[in-house]
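Here's the structure we're looking at; comments come further down.
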Amino acid sequence: MEYAIEISGLTKKFGNFVAVDNLDLRVKVGEIFGFLGPNGAGKTTTIRMMCGLMRQTKGSIKIYGYSIPEERNELIKITGYMAQRFSLYEDLSVYENMEFFGKLYGLNGKNLENRILELLEFLDLKDVRRRLAGRLSGGMKQRLALGVALIHRPKLLVLDEPTAGVDPPIRRAFWEYLRGLNKEGTTILVTTHYMDEAENCDRIGLMNRGRLIAEGTPKELKRRVFGGDIVEVVLHGYVQEGTLEGVANLKELAYRDGDTVLRVVLKDASRELPALLRRIDGMGLKIISAEPINVTLEEVFIELVTGRIEKVAL
Ligand SMILES: Nc1ncnc2c1ncn2[C@@H]1O[C@H](COP(=O)(O)OP(=O)(O)O)[C@@H](O)[C@H]1O
Ligand SMILES: [Mg+2]
């Protein structure tokens with residue numbers, strides 16, 4: 001099977017308000033798919049429909065070929081879901097929480113025990129297995145929530161803002177676990193606010209006001225939004241904008257300490273930069289430096305969401 005998730009025309013209305021608007025989305029088996037977008041974009045609503053927790057107003061959802069919500073019982077067996085606000089049982093221990101959720105999934109006896117031990121090991125929770133969940137640190141709680149979502153060895157893991165409000169080192173560590181799971185074959189759909197995390201994803205879907213406004217690999221998105229790679233070229237002295245017309249695709253021109261700073265868009269900097277520098281040099285301008293700019297996904301996201309670019313061709 002090629003797609004773990006196939007969504008088409010998915011719509012959710014709350015009264016007159018359209019929270020999810022005719023959404024088409026496909027996630028391939030084996031991918032880490034990052035589902036991004038500002039607060040209120042409709043990410044959680046989409047996930048809740050995908051997991052059969054809320055019925056769609058319109059549209060079709062297939063998870064590993066199962067139609068949702070009709071075949072929700074099949075879905076539960078193959079999907080692990082970590083909700084935005086996950087509630088562990090604070091007065092149960094780490095082990096007991098896993099045991100409790102494992103039994104809900106129909107695991108028991110030696111099978112369940114072995115699975116719990118395996119997860120405690122994987123998530124570095126072995127030493128705190130008897131500690132009450134309510135007494136765990138933030139990072140440990142988050143790992144326990146992940147452990148609970150993984151108890152039945154799901155093929156698809158759905159995580160709704162698993163790292164919200166967590167410190168950067170813990171977020172990085174959490175992503176190590178996600179990458180480890182993904183290497184072993186788990187397909188992952190994850191929402192996040194943190195653009196640095198989104199760089200870890202194979203593909204990203206950017207949602208705004210209920211719609212998917214862009215989709216692609218991080219690299220593709222950057223190139224599409226800016227029309228290519230961006231290179232910063234510093235020229236000696238004061239060079240007027242008109243001088244470079246037709247020579248370079250200028251995105252920005254500014255002056256710094258009496259020098260001229262250009263931001264130039266090239267379709268593929270590694271191929272086109274030398275020729276551009278030769279052209280500039282040929283005009284008798286003195287090049288001080290030329291460096292590719294590492295555009296962050298945050299910048300891509302701002303360009304897209306502020307509506308400067310209405311819709312990126314998919
Ligand atoms: N049960 C509900 N009733 C009415 N409006 C809702 C409900 N759930 C979500 N919404 C609204 O739908 C929009 C999308 O919310 P949500 O899916 O939670 O966004 P996100 O997860 O991207 O922040 C928001 O404007 C939110 O207020
Ligand atoms: Mg949400």
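In the structure tokens, the first chain shown is A, the next is B, and so on; residue numbers restart at 1 for each chain, and ligands run from 1 in the order shown.
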**Request:** Skip Glu113 in chain A itself and residues of its chain fewer than 4 positions away, then list as a list in words all residues within 10 Å of it, counting only C-alpha atoms.
**Result:**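 The neighbour list is Tyr95, Met98, Glu99, Gly102, Leu107, Asn108, Gly109, Leu117 and Glu118 of chain A.
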**Message:** Would you pick out the contacts of range 103-105 of chain A at 12 Å or less, using only C-alpha atoms, so that residues sharing its chain but fewer than 4 positions from it are not included, and give the list as number ranges by chain?
**Reply:** A: 73-80, 96-99, 109, 111-113, 115-116, 148-154
**Item:** Test item: residues at most 10 Å from Gly185 in chain A, only C-alpha atoms, excluding those fewer than 4 positions along its chain, as a PyMOL selection string
**Value:** chain A and resi 29-31+155-156+179-181
Proximity of range 206-283 of chain A to range 291-308 of chain A: per-residue shortest pair, 12 Å limit, only C-alpha atoms, as a Markdown table:
```
| residue | atom | partner | partner_atom | distance |
| --- | --- | --- | --- | --- |
| A:Leu206 | CA | A:Phe301 | CA | 7.9 |
| A:Met207 | CA | A:Val305 | CA | 8.8 |
| A:Asn208 | CA | A:Val305 | CA | 6.8 |
| A:Arg209 | CA | A:Val305 | CA | 9.5 |
| A:Arg211 | CA | A:Val305 | CA | 11.1 |
| A:Leu212 | CA | A:Val305 | CA | 10.9 |
| A:Ile213 | CA | A:Leu304 | CA | 7.6 |
| A:Ala214 | CA | A:Leu304 | CA | 8.1 |
| A:Glu215 | CA | A:Leu304 | CA | 11.3 |
| A:Gly216 | CA | A:Leu297 | CA | 11.8 |
| A:Thr217 | CA | A:Leu297 | CA | 10.6 |
| A:Pro218 | CA | A:Leu297 | CA | 7.1 |
| A:Lys219 | CA | A:Leu297 | CA | 9.0 |
| A:Glu220 | CA | A:Val300 | CA | 10.6 |
| A:Leu221 | CA | A:Val300 | CA | 7.2 |
| A:Lys222 | CA | A:Val300 | CA | 6.1 |
| A:Arg223 | CA | A:Val300 | CA | 9.2 |
| A:Arg224 | CA | A:Val300 | CA | 9.1 |
| A:Val225 | CA | A:Val300 | CA | 6.3 |
| A:Phe226 | CA | A:Val300 | CA | 7.9 |
| A:Gly227 | CA | A:Val300 | CA | 11.3 |
| A:Gly228 | CA | A:Val295 | CA | 10.6 |
| A:Asp229 | CA | A:Pro292 | CA | 7.4 |
| A:Ile230 | CA | A:Ile293 | CA | 5.5 |
| A:Val231 | CA | A:Pro292 | CA | 4.1 |
| A:Glu232 | CA | A:Glu291 | CA | 5.3 |
| A:Val233 | CA | A:Glu291 | CA | 6.5 |
| A:Val234 | CA | A:Glu291 | CA | 8.9 |
| A:Val261 | CA | A:Glu291 | CA | 11.1 |
| A:Leu262 | CA | A:Glu291 | CA | 10.5 |
| A:Arg263 | CA | A:Ile293 | CA | 8.7 |
| A:Val264 | CA | A:Pro292 | CA | 9.3 |
| A:Val265 | CA | A:Pro292 | CA | 9.8 |
| A:Leu266 | CA | A:Pro292 | CA | 9.9 |
| A:Asp268 | CA | A:Pro292 | CA | 10.5 |
| A:Ala269 | CA | A:Pro292 | CA | 7.5 |
| A:Ser270 | CA | A:Pro292 | CA | 9.1 |
| A:Glu272 | CA | A:Pro292 | CA | 11.7 |
| A:Leu273 | CA | A:Pro292 | CA | 9.3 |
| A:Pro274 | CA | A:Glu291 | CA | 11.6 |
| A:Leu277 | CA | A:Glu291 | CA | 11.4 |
```
**Request:** List all protein, DNA and RNA residues that have at least one atom no more than 10 Å from any atom of ligand 1, counting only C-alpha atoms and all ligand atoms, and write them as an NGL selection string.
**Result:** :A and (12-20 or 35-49 or 54 or 84 or 160-161 or 191-193 or 207-210)
**Request:** Please return as a PyMOL selection string: the residues of range 4-225 of chain A that backbone DSSP assigns to helix (DSSP H, G or I).
**Result:** chain A and resi 43-50+72-78+94-104+109-122+126-128+133-135+138-150+168-183+195-198+218-225
**Asked** Quick one: of A:Gly9, A:Leu125, A:Met82, A:Phe174, who's nearest to ligand 2, counting only C-alpha atoms and all ligand atoms?
**Response** A:Met82
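Within the 8 Å cut-off around Arg26 in chain A, using only C-alpha atoms and omitting residues fewer than 3 positions from it on the same chain, the listed residues are Tyr3, Ala4, Ile5, Glu6 and Ile7 of chain A.
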**Prompt:** Which one of A:Val190, A:Ile280, A:Thr260, A:Glu2 sits closest to ligand 2 if you count only C-alpha atoms and all ligand atoms?
**Reply:**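 Closest to ligand 2, using only C-alpha atoms and all ligand atoms: A:Val190.
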**Item:** Minimum-distance residue to ligand 2, chosen among A:Met283, A:Ala173, A:Leu159, A:Leu178 (using only C-alpha atoms and all ligand atoms)
**Value:**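 Closest to ligand 2 of all the choices is A:Leu159.
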**Complete:** What separates atom 1 (Mg, counted along the ligand's line) of ligand 2 and CA of Glu199 in chain A is a distance of 19.5 Å
**Message:** Let me make sure I understand: among A:Cys51, A:Pro162, A:Leu157, A:Ser137, which one has the smallest atom-to-atom distance to ligand 2 if we use only C-alpha atoms and all ligand atoms?
**Reply:** A:Pro162
**Prompt:** Quick one: DSSP strand (DSSP E) residues in range 89-256 of chain A, as a ChimeraX atom specification?
**Reply:** /A:156-160,187-192,203-208,211-216,229-235,250-256
**Request:** Kindly indicate which residue among A:Leu276, A:Ile170, A:Leu189, A:Ala164 lies nearest to ligand 2, using only C-alpha atoms and all ligand atoms for the distances.
**Result:**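 Closest to ligand 2 of all the choices is A:Ala164.
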